[in-house]
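Enquirer: Got a structure here, written out as structure tokens. Questions coming.
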Amino acid sequence: MRIAVFGTGGVGGYFGAKLAAAGNDVAFIARGAHLAAMRRDGLRIESGGGDIIVRGVVATDDPSSLAPVDVVMLCVKLWDVEQAAAQAAPLLGRHGVVVAFQNGIDSPEILSRVVGDAHVLGGVAYIAAAIGAPGVIVHTGSMAKLRVGAFDSGPASRGDEERLRERAGDFVRACTSAGIDAEVAPDIRRAIWEKFVFLTALSGVTALSRQPVGAVRSDPDLRAAFAAAMKETVALARARNVALPDDFLPKQMRAIDGLPVEMRSSMQNDLLAGRRLEAPWLCGRVAELSFAAGIAAPVNATIYAGLKPFVNGAPR
């Protein structure tokens, strides 16, 4: 399968390297020192599940230099989605698809507006990974899973939906052949919201407290804040007709207990490094949408208020 990985950070770098190592035709879109190191030394993955070195990678900062592909894995940060979608559009040809692997809930709608519904798949990535050094992706823990799927469409678009479902299946088969834990989600919208509930709370509480997962789950007050933030987002999901089961929250509390003690959220890493934050699309988005729906979300609103001075980056 011919794949373009747009954004070679923790998600794109790790899964793209696995796909490339398995023999897929993978091109990486990156920039700066990371791009230079990849061109010079290849892409290295450091992981407890086994290190990978992909030599002779195709890497560029100019998507227009690439030929059309079957799949674009869009792994950029939320604020870059619209611009990246416009740059990725020529890579799709007639039947290529772009899979949105962003945090949050907004990128599929942005992609549909830019490249058209007939080219958009939803994606969810579960992994703790980040750029450890230029050309190096560090994977923490054992969690590394992808969920991909087509969105439900109206009667006029049933043909496109069926083709997108076939594309999702093709991509998942390429992933599983590469040793990636991947599956086609029967309801990708629900899968995106499931991650949104957990990730928004985790990123917000770890970033605001500047503490890793182990400290958050072991401190009674931080644990309670995490649970309360999730409860607010579940209420928002149900108000937007996303059916989450009654036992969803207890399962998420068990999930945080299974994460590595030293794990940090990507937003916490960005905060500590003085980089821009995704908070407006996570806790800030929950607060915004809840207010519009007449739902109280004081925990997410407070977390966002505490992070707001740093959303555009700040010195350490």
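Just so we're on the same page: first chain in the structure tokens is A, next is B, and so on; residues restart at 1 for each chain, and ligands are numbered from 1 in the order they show up.
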Extract, using only C-alpha atoms, all DNA, RNA and protein residues at most 10 Å from segment 9-22 of chain A, discarding same-chain residues fewer than 4 positions from it, and format them as a ChimeraX atom specification.
Expert: /A:1-5,26-30,34,42-47,52-55,57-58,73-77,101-102,125-132,135-139,144-146,174-180,266
Enquirer: Now that the selection is made, can you save its residues with N, CA and C atoms as a compact mmCIF listing (two decimals), in the first residue's frame?
Expert:
```
# COMPACT_ATOMS: atom_id res chain seq x y z
N MET A 1 0.84 -1.19 0.00
CA MET A 1 0.00 0.00 0.00
C MET A 1 0.88 1.24 0.00
N ARG A 2 0.48 2.26 -0.75
CA ARG A 2 1.23 3.51 -0.81
C ARG A 2 0.63 4.49 0.20
N ILE A 3 1.45 4.94 1.12
CA ILE A 3 0.97 5.73 2.26
C ILE A 3 1.83 6.96 2.43
N ALA A 4 1.20 8.10 2.71
CA ALA A 4 1.91 9.31 3.10
C ALA A 4 1.58 9.60 4.55
N VAL A 5 2.61 9.76 5.36
CA VAL A 5 2.43 10.10 6.78
C VAL A 5 2.68 11.59 6.92
N VAL A 26 6.03 3.96 1.98
CA VAL A 26 5.66 5.01 2.91
C VAL A 26 6.53 6.25 2.70
N ALA A 27 5.89 7.40 2.58
CA ALA A 27 6.60 8.68 2.51
C ALA A 27 6.25 9.48 3.75
N PHE A 28 7.26 10.09 4.37
CA PHE A 28 7.08 10.85 5.61
C PHE A 28 7.19 12.34 5.32
N ILE A 29 6.24 13.09 5.83
CA ILE A 29 6.26 14.54 5.71
C ILE A 29 6.60 15.11 7.07
N ALA A 30 7.73 15.78 7.14
CA ALA A 30 8.23 16.32 8.41
C ALA A 30 8.92 17.65 8.11
N HIS A 34 14.20 17.35 12.64
CA HIS A 34 13.65 16.00 12.58
C HIS A 34 13.75 15.45 11.15
N GLY A 42 17.91 7.92 8.81
CA GLY A 42 16.71 7.10 8.84
C GLY A 42 15.84 7.44 10.03
N LEU A 43 14.80 6.67 10.24
CA LEU A 43 13.85 6.89 11.33
C LEU A 43 14.00 5.75 12.33
N ARG A 44 14.26 6.10 13.58
CA ARG A 44 14.48 5.11 14.63
C ARG A 44 13.33 5.14 15.63
N ILE A 45 12.83 3.96 15.98
CA ILE A 45 11.80 3.81 17.00
C ILE A 45 12.43 3.10 18.19
N GLU A 46 12.35 3.70 19.36
CA GLU A 46 12.81 3.07 20.59
C GLU A 46 11.57 2.66 21.39
N SER A 47 11.41 1.37 21.58
CA SER A 47 10.18 0.86 22.19
C SER A 47 10.48 -0.40 22.97
N ILE A 52 13.08 -0.28 16.14
CA ILE A 52 13.00 -0.35 14.68
C ILE A 52 13.88 0.75 14.11
N ILE A 53 14.62 0.44 13.07
CA ILE A 53 15.35 1.46 12.33
C ILE A 53 14.96 1.31 10.86
N VAL A 54 14.38 2.36 10.28
CA VAL A 54 14.02 2.37 8.87
C VAL A 54 15.05 3.23 8.14
N ARG A 55 15.88 2.58 7.34
CA ARG A 55 16.91 3.28 6.59
C ARG A 55 16.36 3.74 5.24
N VAL A 57 14.69 6.31 4.23
CA VAL A 57 13.29 6.73 4.20
C VAL A 57 13.07 7.82 3.16
N VAL A 58 11.87 7.83 2.60
CA VAL A 58 11.44 8.93 1.75
C VAL A 58 10.85 9.98 2.68
N MET A 73 -2.08 9.38 6.19
CA MET A 73 -2.27 9.37 7.64
C MET A 73 -2.00 10.79 8.13
N LEU A 74 -3.04 11.52 8.49
CA LEU A 74 -2.88 12.90 8.92
C LEU A 74 -2.66 12.92 10.43
N CYS A 75 -1.43 13.21 10.83
CA CYS A 75 -1.04 13.11 12.24
C CYS A 75 -0.50 14.43 12.78
N VAL A 76 -0.91 15.53 12.19
CA VAL A 76 -0.47 16.84 12.66
C VAL A 76 -1.29 17.26 13.88
N LYS A 77 -0.83 18.32 14.54
CA LYS A 77 -1.58 18.87 15.66
C LYS A 77 -2.87 19.53 15.16
N PHE A 101 -6.08 11.38 12.45
CA PHE A 101 -5.61 10.79 13.70
C PHE A 101 -5.36 11.86 14.77
N GLN A 102 -6.12 12.94 14.72
CA GLN A 102 -5.94 13.99 15.72
C GLN A 102 -6.66 13.63 17.02
N ALA A 125 -5.94 6.85 17.53
CA ALA A 125 -4.66 6.23 17.86
C ALA A 125 -4.49 6.20 19.37
N TYR A 126 -4.19 5.03 19.89
CA TYR A 126 -3.90 4.87 21.32
C TYR A 126 -2.42 4.53 21.45
N ILE A 127 -1.62 5.48 21.89
CA ILE A 127 -0.19 5.26 22.04
C ILE A 127 0.40 6.39 22.87
N ALA A 128 1.42 6.08 23.63
CA ALA A 128 2.20 7.10 24.33
C ALA A 128 3.57 7.14 23.66
N ALA A 129 3.75 8.08 22.76
CA ALA A 129 5.00 8.19 22.02
C ALA A 129 5.25 9.65 21.68
N ALA A 130 6.52 9.98 21.51
CA ALA A 130 6.89 11.36 21.20
C ALA A 130 8.26 11.38 20.56
N ILE A 131 8.61 12.50 19.95
CA ILE A 131 9.94 12.67 19.40
C ILE A 131 10.92 12.82 20.56
N GLY A 132 11.83 11.86 20.70
CA GLY A 132 12.82 11.90 21.77
C GLY A 132 14.03 12.72 21.40
N GLY A 135 14.84 12.55 14.51
CA GLY A 135 14.95 11.24 13.88
C GLY A 135 14.64 10.07 14.78
N VAL A 136 14.25 10.33 16.04
CA VAL A 136 14.01 9.26 17.01
C VAL A 136 12.63 9.42 17.66
N ILE A 137 11.83 8.36 17.61
CA ILE A 137 10.54 8.32 18.29
C ILE A 137 10.66 7.38 19.49
N VAL A 138 10.27 7.86 20.67
CA VAL A 138 10.32 7.06 21.89
C VAL A 138 8.91 6.63 22.26
N HIS A 139 8.71 5.33 22.35
CA HIS A 139 7.41 4.75 22.69
C HIS A 139 7.45 4.28 24.14
N ALA A 144 -0.31 0.46 21.85
CA ALA A 144 -0.11 0.96 20.49
C ALA A 144 -1.21 0.36 19.62
N LYS A 145 -2.28 1.09 19.43
CA LYS A 145 -3.45 0.55 18.74
C LYS A 145 -4.09 1.62 17.85
N LEU A 146 -4.60 1.19 16.70
CA LEU A 146 -5.32 2.08 15.78
C LEU A 146 -6.74 1.56 15.56
N ALA A 174 -3.34 -3.80 6.00
CA ALA A 174 -1.93 -3.44 5.86
C ALA A 174 -1.29 -3.26 7.23
N CYS A 175 -2.03 -2.66 8.15
CA CYS A 175 -1.51 -2.44 9.50
C CYS A 175 -1.29 -3.76 10.23
N THR A 176 -2.28 -4.63 10.20
CA THR A 176 -2.15 -5.90 10.92
C THR A 176 -1.03 -6.75 10.32
N SER A 177 -0.84 -6.67 8.99
CA SER A 177 0.28 -7.39 8.36
C SER A 177 1.62 -6.84 8.82
N ALA A 178 1.63 -5.58 9.25
CA ALA A 178 2.85 -4.95 9.75
C ALA A 178 3.03 -5.14 11.25
N GLY A 179 2.18 -5.94 11.87
CA GLY A 179 2.29 -6.19 13.30
C GLY A 179 1.66 -5.13 14.17
N ILE A 180 0.79 -4.32 13.58
CA ILE A 180 0.11 -3.26 14.33
C ILE A 180 -1.25 -3.78 14.81
N SER A 266 0.71 14.04 25.84
CA SER A 266 1.43 14.86 24.86
C SER A 266 1.26 16.34 25.17
```
Enquirer: Can you check which residues of segment 81-142 of chain A DSSP gives as helix (DSSP H, G or I) on the backbone and send them as a list in words?
Expert: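 Selecting the helix (DSSP H, G or I) positions of segment 81-142 of chain A gives Val81, Glu82, Gln83, Ala84, Ala85, Ala86, Gln87, Ala88, Ala89, Pro90, Leu91, Ser107, Pro108, Glu109, Ile110, Leu111, Ser112, Arg113, Val114, Val115, Asp117, Ala118 and His119 of chain A.
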Enquirer: Include C-alpha atoms and write out the residues we just selected as a PDB file, in the first residue's frame.
Expert:
```pdb
ATOM      1  CA  VAL A  81      -5.341  20.386  10.267  1.00  0.00           C
ATOM      2  CA  GLU A  82      -6.846  22.844   7.779  1.00  0.00           C
ATOM      3  CA  GLN A  83      -3.538  23.820   6.206  1.00  0.00           C
ATOM      4  CA  ALA A  84      -2.314  20.221   6.121  1.00  0.00           C
ATOM      5  CA  ALA A  85      -5.593  19.083   4.540  1.00  0.00           C
ATOM      6  CA  ALA A  86      -5.185  21.598   1.730  1.00  0.00           C
ATOM      7  CA  GLN A  87      -1.623  20.375   1.124  1.00  0.00           C
ATOM      8  CA  ALA A  88      -2.701  16.737   1.273  1.00  0.00           C
ATOM      9  CA  ALA A  89      -5.635  17.101  -1.127  1.00  0.00           C
ATOM     10  CA  PRO A  90      -3.565  16.660  -4.331  1.00  0.00           C
ATOM     11  CA  LEU A  91      -2.158  13.389  -2.949  1.00  0.00           C
ATOM     12  CA  SER A 107     -10.723  17.367  12.495  1.00  0.00           C
ATOM     13  CA  PRO A 108     -13.064  15.083  10.442  1.00  0.00           C
ATOM     14  CA  GLU A 109     -15.408  17.998   9.825  1.00  0.00           C
ATOM     15  CA  ILE A 110     -12.509  20.253   8.820  1.00  0.00           C
ATOM     16  CA  LEU A 111     -11.151  17.589   6.465  1.00  0.00           C
ATOM     17  CA  SER A 112     -14.561  17.030   4.882  1.00  0.00           C
ATOM     18  CA  ARG A 113     -14.840  20.735   4.193  1.00  0.00           C
ATOM     19  CA  VAL A 114     -11.409  20.864   2.540  1.00  0.00           C
ATOM     20  CA  VAL A 115     -11.105  17.553   0.644  1.00  0.00           C
ATOM     21  CA  ASP A 117     -16.643  13.700   2.515  1.00  0.00           C
ATOM     22  CA  ALA A 118     -15.790  11.034  -0.076  1.00  0.00           C
ATOM     23  CA  HIS A 119     -12.111  11.101   0.959  1.00  0.00           C
TER      24      HIS A 119
END
```
Enquirer: For atom CA of Ile105 of chain A and atom CA of Asp62 of chain A, quote the distance in Å rounded to one decimal.
Expert: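 Taking atom CA of Ile105 of chain A and atom CA of Asp62 of chain A, their separation equals 27.1 Å.
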Enquirer: May I have the residues within 10 Å of Phe198 of chain A as a PyMOL selection string, using only C-alpha atoms and disregarding those fewer than 4 positions away in the same chain?
Expert: chain A and resi 193-194+202-203+226-227+229-231+233-234+249+252-253+255-256
Enquirer: Separation of atom CA of Ile295 of chain A and atom CA of Trp281 of chain A, in Å?
Expert: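 These two atoms are separated by 17.6 Å.
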Enquirer: Pick from A:Arg275, A:Ala297, A:Ala133, A:Arg167: nearest to Ala150 of chain A, with only C-alpha atoms counted?
Expert: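 Selected residue with least distance to Ala150 of chain A: A:Arg167.
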Enquirer: Once DSSP has gone over the backbone, tell me which residues of segment 69-256 of chain A are in strand (DSSP E or B), as a ChimeraX atom specification.
Expert: /A:71-74,97-100,120-133,136-149,181-184
Enquirer: So that I can see what lies close to Leu282 of chain A, please list as a list in words the residues with an atom at most 9 Å from it, counting only C-alpha atoms and leaving out residues fewer than 5 positions away in the same chain.
Expert: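 Non-adjacent residues within range: Asn103, Gly104, Ile105, Phe196, Leu199, Thr200, Ala201, Ser203, Gly204, Ala287, Asn300 and Tyr304 of chain A.
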Enquirer: Please produce a file of those selected residues containing N, CA and C atoms, as a PDB file, in the first residue's frame.
Expert:
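The resulting file, out_8.pdb, is reproduced below:
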```pdb
ATOM      1  N   ASN A 103      -6.212  14.268  18.103  1.00  0.00           N
ATOM      2  CA  ASN A 103      -7.012  14.293  19.317  1.00  0.00           C
ATOM      3  C   ASN A 103      -8.224  15.179  19.056  1.00  0.00           C
ATOM      4  N   GLY A 104      -9.188  15.165  19.966  1.00  0.00           N
ATOM      5  CA  GLY A 104     -10.344  16.036  19.792  1.00  0.00           C
ATOM      6  C   GLY A 104     -11.366  15.439  18.843  1.00  0.00           C
ATOM      7  N   ILE A 105     -12.386  16.239  18.522  1.00  0.00           N
ATOM      8  CA  ILE A 105     -13.519  15.767  17.726  1.00  0.00           C
ATOM      9  C   ILE A 105     -13.736  16.573  16.455  1.00  0.00           C
ATOM     10  N   PHE A 196     -11.927  10.960  23.197  1.00  0.00           N
ATOM     11  CA  PHE A 196     -12.037  12.369  23.575  1.00  0.00           C
ATOM     12  C   PHE A 196     -12.332  12.507  25.062  1.00  0.00           C
ATOM     13  N   LEU A 199      -8.974  11.231  26.913  1.00  0.00           N
ATOM     14  CA  LEU A 199      -7.783  12.028  26.619  1.00  0.00           C
ATOM     15  C   LEU A 199      -7.920  13.460  27.106  1.00  0.00           C
ATOM     16  N   THR A 200      -9.116  14.038  26.984  1.00  0.00           N
ATOM     17  CA  THR A 200      -9.316  15.413  27.438  1.00  0.00           C
ATOM     18  C   THR A 200      -9.066  15.526  28.936  1.00  0.00           C
ATOM     19  N   ALA A 201      -9.601  14.584  29.694  1.00  0.00           N
ATOM     20  CA  ALA A 201      -9.385  14.603  31.142  1.00  0.00           C
ATOM     21  C   ALA A 201      -7.925  14.337  31.486  1.00  0.00           C
ATOM     22  N   SER A 203      -5.133  14.667  29.602  1.00  0.00           N
ATOM     23  CA  SER A 203      -4.227  15.735  29.179  1.00  0.00           C
ATOM     24  C   SER A 203      -4.398  16.967  30.058  1.00  0.00           C
ATOM     25  N   GLY A 204      -5.645  17.288  30.388  1.00  0.00           N
ATOM     26  CA  GLY A 204      -5.893  18.476  31.197  1.00  0.00           C
ATOM     27  C   GLY A 204      -5.336  18.369  32.603  1.00  0.00           C
ATOM     28  N   ALA A 287     -15.716  22.803  27.465  1.00  0.00           N
ATOM     29  CA  ALA A 287     -16.331  23.943  28.149  1.00  0.00           C
ATOM     30  C   ALA A 287     -17.191  24.751  27.183  1.00  0.00           C
ATOM     31  N   ASN A 300     -13.746  21.186  33.492  1.00  0.00           N
ATOM     32  CA  ASN A 300     -13.045  21.452  32.239  1.00  0.00           C
ATOM     33  C   ASN A 300     -12.818  22.942  32.024  1.00  0.00           C
ATOM     34  N   TYR A 304      -9.118  24.579  31.709  1.00  0.00           N
ATOM     35  CA  TYR A 304      -8.772  25.415  30.555  1.00  0.00           C
ATOM     36  C   TYR A 304      -8.301  26.796  30.994  1.00  0.00           C
TER      37      TYR A 304
END
```
Enquirer: Calculated over only C-alpha atoms, which of the candidates A:Gly49, A:Ala243, A:Leu66, A:Thr60 has the smallest distance to Ala33 of chain A?
Expert: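 When distances to Ala33 of chain A are compared using only C-alpha atoms, the smallest one comes from A:Thr60.
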Enquirer: Using only C-alpha atoms, which of A:Pro134, A:Asp152, A:Trp79, A:Ala296 sits nearest Ala279 of chain A?
Expert: A:Trp79
